Structures are given as C-alpha cells and as structure tokens.
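Engineer: Mind looking over this structure? Questions follow.
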Amino acid sequence: MVALQRQLGPHVTVLFGHEQGKYPDGNTVVVRGTSGSVAIDPAMSMRTMVPPLEVDTVLLTHAHEDHAAGVSAVRWQSLKVHELDVAALRSIDDLMRLYGVPGPVWGEMTRMVTERFHFDTWPEAEGMVDGESIDLGGATVRLAHAPGHTSGHSVYVIDQADGPRVVVTGDIDLTTFGPYYGDAASSLDSFESTLTMIRDLRADHYVTFHHKAVIDGHEAFAAAVDVYAAVFGRREQALLDLLHAPRTFDELVADGIVYRAGTRPPLFGESVERRSIEQHLDRLLADGVVATDGQQYWRP
Ligand SMILES: [Zn+2]
C-alpha cells in the first residue's frame, strides 16, 4: 500500500514516499496514457506496494541507488535513463565509478547499494538522449538533459492533452541541503547552468524526488530554485572563510563546506567534501581569488 498520492490531471499520479520522500525513500511519478504507461524513479516504497506497480517503461532521472530502489519490485518491459548514466545500471562497478568511491570502501558501498537499496544489474537498460519523447496516448513524457548532479541527470516534462504540464525534477530537489555535486560524475559548473535552464521551464506542477514533493505554479518554483542556487555561494564563502590562513587540501577537507558539523556520512562523506571543495577551489584559482604553491592554498 502507498499511503498518500496526488493526482495531477487525468494521467499523472504522484506516489509519495515516507515523509514526502525523505532519503532513502523518494516520490514516484506514474503516467498512464491511453496506449502506454511509465513510472519515473520508482522509490523504496514501491517495494511494499500490493499488487506490485505495473507499467510499460521505467524511466530514471539518473542512476543513483535511491532512484532505482523500487526497480526490481515494479513490473516493466523497458528501463531507460539518459545515455551518460546507463553504464551504472548495467554494472555495479560502473555505479561505483559514477560515485567515485575510494578503493577502501568499494566493497562496503557495493554491499550497501545491493542489500539496502536492492540495486541489481540491468544489462537490458537503454540510454536516452536530450529531447527524446515517449507518446503514451493523451500524454507525452520528454527527457530534458539537466546535468550536474550526475552527468546524465535529466528532468522529465510531461504534457497532457487535456491537463496540466508537470515537470519531474529528480535530484534537483530544492532542499535546504542544496545542490549535490560530490560524485566523480558530478559537475558544479553544469549544475549551475542546469539551474539557470530549469528556472525558465514553465509548468503547472513540479515534482521533486525528496522532501518538497510537489510545488504548484512557476512563481513558487522559480523562488525555490533561487533559494537552492544560493547554496553555491554559501559554500564558496565557507571555503574562503577557511582560507583566512594558508591551508592544505586535506585540512580543508577535514573542516568541509558541504555537511554541517556532525552530519557527514561515514562511508562517502569525505569523498563528497573532496570532490566539492576541489571544484570550488578550481574556480577560485582560475579567478585569482585563491593562490597555491601546490601544497597550501591561501587568499593572496
Ligand atoms: Zn541522486
């Protein structure tokens, strides 16, 4: 049983995960047309659905573990994601490469995604490209590439002939945590460009995978994107504050700019800080705001 759901027009249903899709759960979107059906990002809560959800196609916004947690519990004919993320669905080692998992925790991370998130390997997974559209009869679902969180991260734009337009934003989740670009396959620059792009995407409803769940109207959505995008600047300022005196990269990572004190995940938190700080430092070095001798960093 899924406790809570919301209908957005004749074809679109949002199945809310536990606590509006708090990690490790998420919000799943189902689109049923007259000739086909899709489920977007089947979350952990799909595993307890009786009878199991049945659709023609499962679409993922990206290949992360929580977005695929329900894939093996849903009945489907095809499984698709943007072509830049498809390798991670076909091989768990490629998922580990997408994360950028350090060698020492490779085995433990593999166990975590397979045992806790039921991540399988799906050799039949298919890649999609920007603009690719699926006609379901009365509703179309179009992939819009929105990279940054992962290189293949995408949003789905759902147009209903006789209903509202809905955008499924995946892990552009608009939470107070802010954008996550801590994987090997993440990019701070791409994430920023993506937020500029998506802010102008007009729709009646926006569905995030975590927490916010459904945002109604473009005005509220654009305001939420602005608050979310401001986190880039806050992290950059946090890094500049750490550089009040010369510091090594490892010292910067020990303090961190992403997780609040005491909230760093034990398994992958350090590598997320490394990847995030590295990208902000590259920018600050290029702009001449920070200098380095190869050992230490400082504000000249
Ligand atoms: Zn994700």
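Chain labels A, B, ... are given in the sequence in which chains occur in the structure tokens; within each chain residues are numbered consecutively from 1, and ligands are likewise numbered from 1 in the order shown.
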Tell me which protein, DNA and RNA residues are within 8 Å of Gln295 in chain A, counting only C-alpha atoms, leaving out same-chain ones fewer than 2 positions away, and put them as a VMD selection string.

Structural biologist: chain A and resid 248 to 249 292 to 293 297

Engineer: How would the residues just picked look written out with N, CA and C atoms as an mmCIF file, in the first residue's frame?

Structural biologist:
data_model
loop_
_atom_site.group_PDB
_atom_site.id
_atom_site.type_symbol
_atom_site.label_atom_id
_atom_site.label_comp_id
_atom_site.auth_asym_id
_atom_site.auth_seq_id
_atom_site.Cartn_x
_atom_site.Cartn_y
_atom_site.Cartn_z
ATOM 1 N N THR A 248 46.282 23.267 3.760
ATOM 2 C CA THR A 248 46.439 22.198 2.757
ATOM 3 C C THR A 248 45.048 21.729 2.329
ATOM 4 N N PHE A 249 45.027 21.011 1.204
ATOM 5 C CA PHE A 249 43.751 20.468 0.716
ATOM 6 C C PHE A 249 43.133 19.542 1.766
ATOM 7 N N THR A 292 48.009 29.068 -4.817
ATOM 8 C CA THR A 292 48.559 27.822 -4.262
ATOM 9 C C THR A 292 50.006 27.657 -4.689
ATOM 10 N N ASP A 293 50.782 26.960 -3.850
ATOM 11 C CA ASP A 293 52.135 26.570 -4.244
ATOM 12 C C ASP A 293 52.188 25.070 -4.500
ATOM 13 N N TYR A 297 46.970 26.345 0.155
ATOM 14 C CA TYR A 297 46.110 27.316 -0.521
ATOM 15 C C TYR A 297 45.917 28.520 0.387
#

Engineer: Please provide as a PyMOL selection string all residues within 9 Å of His82 in chain A, with the sequence filter that same-chain residues fewer than 3 positions apart are discarded (counting only C-alpha atoms).

Structural biologist: chain A and resi 60-63+85-86+126-130+143+145+151-154

Engineer: Counting only C-alpha atoms and all ligand atoms, what are the residues, protein, DNA or RNA alike, that approach ligand 1 to within 12 Å? I want them as an MDAnalysis selection string.

Structural biologist: chainID A and resid 23:26 41 43 60:69 85 95 98:99 147:154 169:173 179:183 185:186 208:210

Engineer: Give me a file of those residues, with C-alpha atoms, as a PDB file, in the first residue's frame.

Structural biologist:
ATOM      1  CA  TYR A  23      16.059   9.658   1.834  1.00  0.00           C
ATOM      2  CA  PRO A  24      16.348   6.644   1.496  1.00  0.00           C
ATOM      3  CA  ASP A  25      12.788   6.879   0.121  1.00  0.00           C
ATOM      4  CA  GLY A  26      11.544   9.226  -2.608  1.00  0.00           C
ATOM      5  CA  ASP A  41      12.106   6.936 -10.354  1.00  0.00           C
ATOM      6  CA  ALA A  43      11.431   4.554  -4.983  1.00  0.00           C
ATOM      7  CA  LEU A  60      15.053   7.158 -14.188  1.00  0.00           C
ATOM      8  CA  THR A  61      16.195  10.759 -13.764  1.00  0.00           C
ATOM      9  CA  HIS A  62      19.667   9.321 -13.034  1.00  0.00           C
ATOM     10  CA  ALA A  63      21.312   6.107 -11.866  1.00  0.00           C
ATOM     11  CA  HIS A  64      21.598   6.767  -8.113  1.00  0.00           C
ATOM     12  CA  GLU A  65      20.688   3.989  -5.678  1.00  0.00           C
ATOM     13  CA  ASP A  66      17.605   5.599  -4.116  1.00  0.00           C
ATOM     14  CA  HIS A  67      16.019   6.346  -7.523  1.00  0.00           C
ATOM     15  CA  ALA A  68      16.348   2.706  -8.554  1.00  0.00           C
ATOM     16  CA  ALA A  69      15.407   1.173  -5.174  1.00  0.00           C
ATOM     17  CA  ASP A  85      24.150   7.240 -16.806  1.00  0.00           C
ATOM     18  CA  LEU A  95      27.924   2.738 -10.474  1.00  0.00           C
ATOM     19  CA  LEU A  98      29.985   7.195 -11.183  1.00  0.00           C
ATOM     20  CA  TYR A  99      30.098   7.900  -7.424  1.00  0.00           C
ATOM     21  CA  PRO A 147      23.389  17.510 -15.836  1.00  0.00           C
ATOM     22  CA  GLY A 148      25.439  18.398 -12.778  1.00  0.00           C
ATOM     23  CA  HIS A 149      24.169  16.063 -10.057  1.00  0.00           C
ATOM     24  CA  THR A 150      25.378  13.254 -12.336  1.00  0.00           C
ATOM     25  CA  SER A 151      26.486  13.675 -15.948  1.00  0.00           C
ATOM     26  CA  GLY A 152      23.296  12.041 -17.222  1.00  0.00           C
ATOM     27  CA  HIS A 153      20.873  13.595 -14.732  1.00  0.00           C
ATOM     28  CA  SER A 154      17.695  14.634 -16.539  1.00  0.00           C
ATOM     29  CA  THR A 169      12.922  17.323 -11.322  1.00  0.00           C
ATOM     30  CA  GLY A 170      14.697  14.280  -9.805  1.00  0.00           C
ATOM     31  CA  ASP A 171      17.527  15.336  -7.504  1.00  0.00           C
ATOM     32  CA  ILE A 172      17.209  18.988  -8.331  1.00  0.00           C
ATOM     33  CA  ASP A 173      15.289  18.528  -5.109  1.00  0.00           C
ATOM     34  CA  PRO A 179      22.712  21.037  -4.799  1.00  0.00           C
ATOM     35  CA  TYR A 180      24.755  17.836  -4.505  1.00  0.00           C
ATOM     36  CA  TYR A 181      27.756  17.681  -6.855  1.00  0.00           C
ATOM     37  CA  GLY A 182      30.033  15.445  -4.802  1.00  0.00           C
ATOM     38  CA  ASP A 183      30.336  12.452  -7.125  1.00  0.00           C
ATOM     39  CA  ALA A 185      30.334  12.179 -12.345  1.00  0.00           C
ATOM     40  CA  SER A 186      29.070  15.456 -10.827  1.00  0.00           C
ATOM     41  CA  THR A 208      10.937  16.669  -6.627  1.00  0.00           C
ATOM     42  CA  PHE A 209      12.174  13.237  -5.567  1.00  0.00           C
ATOM     43  CA  HIS A 210      12.783  14.276  -1.949  1.00  0.00           C
TER      44      HIS A 210
END

Engineer: Which is closest to Ala213 in chain A among A:Thr140, A:Ser72, A:Ser133, A:Thr175, if we use only C-alpha atoms?

Structural biologist: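 Selected residue with least distance to Ala213 in chain A: A:Thr175.
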
Engineer: Determine which residues of range 93-243 of chain A receive a DSSP assignment of strand (DSSP E or B), computed from the backbone, and state them as number ranges by chain.

Structural biologist: A: 126-128, 133-135, 139-145, 154-160, 166-170, 205-208, 214-216

Engineer: With only C-alpha atoms as the basis for distance, which of A:Phe16, A:Phe177, A:Tyr228, A:Trp76 is at the shortest distance from Glu124 in chain A?

Structural biologist: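 Under the stated criterion, the closest residue is A:Trp76.
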
Engineer: Among range 69-297 of chain A, which residues carry a DSSP assignment of alpha helix (DSSP H), reported as number ranges by chain?

Structural biologist: A: 86-90, 92-99, 106-111, 188-199, 218-242, 249-255, 269-286

Engineer: Would you put the residues from that selection into a file with C-alpha atoms, as an mmCIF file, in the first residue's frame?

Structural biologist:
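Contents of part-v6.cif, as written:
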data_model
loop_
_atom_site.group_PDB
_atom_site.id
_atom_site.type_symbol
_atom_site.label_atom_id
_atom_site.label_comp_id
_atom_site.auth_asym_id
_atom_site.auth_seq_id
_atom_site.Cartn_x
_atom_site.Cartn_y
_atom_site.Cartn_z
ATOM 1 C CA VAL A 86 23.208 3.944 -18.435
ATOM 2 C CA ALA A 87 26.518 2.141 -17.719
ATOM 3 C CA ALA A 88 25.821 2.410 -13.974
ATOM 4 C CA LEU A 89 22.578 0.431 -14.410
ATOM 5 C CA ARG A 90 24.346 -2.277 -16.367
ATOM 6 C CA ILE A 92 27.619 -2.067 -10.211
ATOM 7 C CA ASP A 93 31.337 -1.346 -10.719
ATOM 8 C CA ASP A 94 30.306 1.406 -13.144
ATOM 9 C CA LEU A 95 27.924 2.738 -10.474
ATOM 10 C CA MET A 96 30.893 2.850 -8.074
ATOM 11 C CA ARG A 97 32.873 4.759 -10.749
ATOM 12 C CA LEU A 98 29.985 7.195 -11.183
ATOM 13 C CA TYR A 99 30.098 7.900 -7.424
ATOM 14 C CA TRP A 106 34.348 -0.029 -2.637
ATOM 15 C CA GLY A 107 33.187 -3.356 -1.169
ATOM 16 C CA GLU A 108 31.171 -1.770 1.624
ATOM 17 C CA MET A 109 29.442 0.673 -0.769
ATOM 18 C CA THR A 110 28.659 -2.200 -3.146
ATOM 19 C CA ARG A 111 27.053 -4.128 -0.271
ATOM 20 C CA LEU A 188 29.414 22.225 -10.198
ATOM 21 C CA ASP A 189 29.553 24.204 -13.477
ATOM 22 C CA SER A 190 26.943 22.009 -15.167
ATOM 23 C CA PHE A 191 24.679 22.125 -12.115
ATOM 24 C CA GLU A 192 24.736 25.930 -12.164
ATOM 25 C CA SER A 193 23.876 26.056 -15.884
ATOM 26 C CA THR A 194 21.139 23.490 -15.326
ATOM 27 C CA LEU A 195 19.516 25.628 -12.610
ATOM 28 C CA THR A 196 19.512 28.612 -14.972
ATOM 29 C CA MET A 197 17.866 26.437 -17.643
ATOM 30 C CA ILE A 198 15.285 24.822 -15.391
ATOM 31 C CA ARG A 199 14.274 28.082 -13.695
ATOM 32 C CA HIS A 218 6.049 28.572 -11.852
ATOM 33 C CA GLU A 219 6.399 31.521 -9.487
ATOM 34 C CA ALA A 220 6.834 29.326 -6.401
ATOM 35 C CA PHE A 221 9.179 27.048 -8.337
ATOM 36 C CA ALA A 222 11.430 29.886 -9.551
ATOM 37 C CA ALA A 223 11.632 31.239 -5.981
ATOM 38 C CA ALA A 224 12.621 27.791 -4.677
ATOM 39 C CA VAL A 225 15.313 27.485 -7.386
ATOM 40 C CA ASP A 226 16.764 30.849 -6.329
ATOM 41 C CA VAL A 227 16.994 29.782 -2.671
ATOM 42 C CA TYR A 228 18.568 26.466 -3.724
ATOM 43 C CA ALA A 229 21.096 28.089 -6.091
ATOM 44 C CA ALA A 230 22.201 30.478 -3.332
ATOM 45 C CA VAL A 231 23.828 27.469 -1.586
ATOM 46 C CA PHE A 232 26.649 27.528 -4.204
ATOM 47 C CA GLY A 233 27.659 30.968 -2.964
ATOM 48 C CA ARG A 234 27.345 29.992 0.701
ATOM 49 C CA ARG A 235 29.705 27.033 0.204
ATOM 50 C CA GLU A 236 32.182 29.217 -1.691
ATOM 51 C CA GLN A 237 32.108 31.731 1.167
ATOM 52 C CA ALA A 238 32.623 28.907 3.693
ATOM 53 C CA LEU A 239 35.720 27.865 1.734
ATOM 54 C CA LEU A 240 37.035 31.434 1.631
ATOM 55 C CA ASP A 241 36.476 31.692 5.394
ATOM 56 C CA LEU A 242 38.596 28.541 5.896
ATOM 57 C CA PHE A 249 43.751 20.468 0.716
ATOM 58 C CA ASP A 250 43.418 17.744 3.387
ATOM 59 C CA GLU A 251 42.924 20.381 6.090
ATOM 60 C CA LEU A 252 40.157 21.989 4.034
ATOM 61 C CA VAL A 253 38.505 18.590 3.550
ATOM 62 C CA ALA A 254 38.729 17.874 7.300
ATOM 63 C CA ASP A 255 36.703 21.035 8.006
ATOM 64 C CA GLY A 269 31.080 11.937 3.211
ATOM 65 C CA GLU A 270 34.803 12.625 2.963
ATOM 66 C CA SER A 271 34.945 11.932 -0.774
ATOM 67 C CA VAL A 272 31.928 14.238 -1.282
ATOM 68 C CA GLU A 273 33.755 17.029 0.560
ATOM 69 C CA ARG A 274 36.896 16.346 -1.520
ATOM 70 C CA ARG A 275 35.091 16.481 -4.835
ATOM 71 C CA SER A 276 33.040 19.550 -3.890
ATOM 72 C CA ILE A 277 35.982 21.531 -2.469
ATOM 73 C CA GLU A 278 38.152 20.604 -5.468
ATOM 74 C CA GLN A 279 35.599 22.129 -7.861
ATOM 75 C CA HIS A 280 35.176 25.335 -5.856
ATOM 76 C CA LEU A 281 38.973 25.658 -5.499
ATOM 77 C CA ASP A 282 39.439 25.251 -9.273
ATOM 78 C CA ARG A 283 37.094 28.171 -9.797
ATOM 79 C CA LEU A 284 38.670 30.390 -7.166
ATOM 80 C CA LEU A 285 42.171 29.627 -8.517
ATOM 81 C CA ALA A 286 41.084 30.435 -12.083
#

Engineer: Nearest to Gly288 in chain A among A:Ala39, A:Val55, A:Ala125, A:Pro300, with distances taken over only C-alpha atoms: which residue is it?

Structural biologist: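 Closest to Gly288 in chain A of all the choices is A:Pro300.
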
Engineer: Between A:Phe119, A:His244, A:Val14, A:Arg75, single out the one closest to Val50 in chain A, counting only C-alpha atoms.

Structural biologist: A:Arg75

Engineer: Could you pull the residues within 12 Å of Arg6 in chain A, counting only C-alpha atoms, minus those fewer than 2 positions along the same chain, as a PDB file with N, CA and C atoms, in the first residue's frame?

Structural biologist:
ATOM      1  N   VAL A   2       0.520   2.186  -0.858  1.00  0.00           N
ATOM      2  CA  VAL A   2       1.134   3.502  -0.776  1.00  0.00           C
ATOM      3  C   VAL A   2       0.117   4.410  -0.108  1.00  0.00           C
ATOM      4  N   ALA A   3       0.524   5.012   0.990  1.00  0.00           N
ATOM      5  CA  ALA A   3      -0.436   5.739   1.837  1.00  0.00           C
ATOM      6  C   ALA A   3      -0.975   6.984   1.152  1.00  0.00           C
ATOM      7  N   LEU A   4      -0.098   7.744   0.513  1.00  0.00           N
ATOM      8  CA  LEU A   4      -0.513   9.047   0.040  1.00  0.00           C
ATOM      9  C   LEU A   4      -0.211   9.199  -1.435  1.00  0.00           C
ATOM     10  N   LEU A   8      -2.348  14.699 -10.626  1.00  0.00           N
ATOM     11  CA  LEU A   8      -2.066  15.984 -11.291  1.00  0.00           C
ATOM     12  C   LEU A   8      -2.607  15.889 -12.715  1.00  0.00           C
ATOM     13  N   GLY A   9      -3.884  16.126 -12.859  1.00  0.00           N
ATOM     14  CA  GLY A   9      -4.508  15.980 -14.169  1.00  0.00           C
ATOM     15  C   GLY A   9      -4.911  14.541 -14.403  1.00  0.00           C
ATOM     16  N   PRO A  10      -5.423  14.244 -15.610  1.00  0.00           N
ATOM     17  CA  PRO A  10      -6.001  12.926 -15.860  1.00  0.00           C
ATOM     18  C   PRO A  10      -4.988  11.781 -15.915  1.00  0.00           C
ATOM     19  N   HIS A  11      -3.723  12.090 -16.206  1.00  0.00           N
ATOM     20  CA  HIS A  11      -2.783  10.999 -16.492  1.00  0.00           C
ATOM     21  C   HIS A  11      -1.651  10.828 -15.483  1.00  0.00           C
ATOM     22  N   VAL A  12      -1.456  11.832 -14.622  1.00  0.00           N
ATOM     23  CA  VAL A  12      -0.252  11.832 -13.776  1.00  0.00           C
ATOM     24  C   VAL A  12      -0.613  11.615 -12.304  1.00  0.00           C
ATOM     25  N   THR A  13       0.046  10.654 -11.677  1.00  0.00           N
ATOM     26  CA  THR A  13      -0.152  10.395 -10.246  1.00  0.00           C
ATOM     27  C   THR A  13       1.204  10.452  -9.543  1.00  0.00           C
ATOM     28  N   VAL A  14       1.254  11.186  -8.449  1.00  0.00           N
ATOM     29  CA  VAL A  14       2.458  11.189  -7.617  1.00  0.00           C
ATOM     30  C   VAL A  14       2.219  10.250  -6.445  1.00  0.00           C
ATOM     31  N   LEU A  15       3.092   9.269  -6.286  1.00  0.00           N
ATOM     32  CA  LEU A  15       3.022   8.336  -5.157  1.00  0.00           C
ATOM     33  C   LEU A  15       4.086   8.786  -4.156  1.00  0.00           C
ATOM     34  N   PHE A  16       3.619   9.351  -3.046  1.00  0.00           N
ATOM     35  CA  PHE A  16       4.567   9.931  -2.092  1.00  0.00           C
ATOM     36  C   PHE A  16       5.266   8.844  -1.300  1.00  0.00           C
ATOM     37  N   GLY A  17       6.565   8.998  -1.142  1.00  0.00           N
ATOM     38  CA  GLY A  17       7.328   8.099  -0.279  1.00  0.00           C
ATOM     39  C   GLY A  17       7.157   8.512   1.172  1.00  0.00           C
ATOM     40  N   GLN A  20       7.250  12.362   2.746  1.00  0.00           N
ATOM     41  CA  GLN A  20       7.350  13.105   1.479  1.00  0.00           C
ATOM     42  C   GLN A  20       8.611  12.759   0.694  1.00  0.00           C
ATOM     43  N   ASN A  27       9.802  10.169  -3.989  1.00  0.00           N
ATOM     44  CA  ASN A  27       8.466  10.255  -4.586  1.00  0.00           C
ATOM     45  C   ASN A  27       8.499   9.705  -6.015  1.00  0.00           C
ATOM     46  N   THR A  28       7.565   8.817  -6.297  1.00  0.00           N
ATOM     47  CA  THR A  28       7.492   8.155  -7.597  1.00  0.00           C
ATOM     48  C   THR A  28       6.366   8.795  -8.412  1.00  0.00           C
ATOM     49  N   VAL A  29       6.595   8.994  -9.713  1.00  0.00           N
ATOM     50  CA  VAL A  29       5.555   9.569 -10.570  1.00  0.00           C
ATOM     51  C   VAL A  29       5.133   8.526 -11.603  1.00  0.00           C
ATOM     52  N   VAL A  30       3.833   8.314 -11.698  1.00  0.00           N
ATOM     53  CA  VAL A  30       3.294   7.360 -12.670  1.00  0.00           C
ATOM     54  C   VAL A  30       2.471   8.135 -13.700  1.00  0.00           C
ATOM     55  N   HIS A 205       2.949  22.171 -12.361  1.00  0.00           N
ATOM     56  CA  HIS A 205       3.400  21.472 -11.151  1.00  0.00           C
ATOM     57  C   HIS A 205       4.813  20.954 -11.365  1.00  0.00           C
ATOM     58  N   VAL A 207       7.568  18.219  -9.530  1.00  0.00           N
ATOM     59  CA  VAL A 207       7.666  17.150  -8.530  1.00  0.00           C
ATOM     60  C   VAL A 207       9.140  16.871  -8.265  1.00  0.00           C
ATOM     61  N   ALA A 213       8.436  17.528  -2.662  1.00  0.00           N
ATOM     62  CA  ALA A 213       7.409  16.699  -3.321  1.00  0.00           C
ATOM     63  C   ALA A 213       6.714  17.437  -4.455  1.00  0.00           C
ATOM     64  N   VAL A 214       5.683  18.233  -4.200  1.00  0.00           N
ATOM     65  CA  VAL A 214       5.022  18.933  -5.305  1.00  0.00           C
ATOM     66  C   VAL A 214       5.038  20.436  -5.028  1.00  0.00           C
TER      67      VAL A 214
END

Engineer: Which one is closest to Pro246 in chain A: A:Val38, A:Ala261, A:Val141, A:Ala291? Count only C-alpha atoms.

Structural biologist: A:Ala291
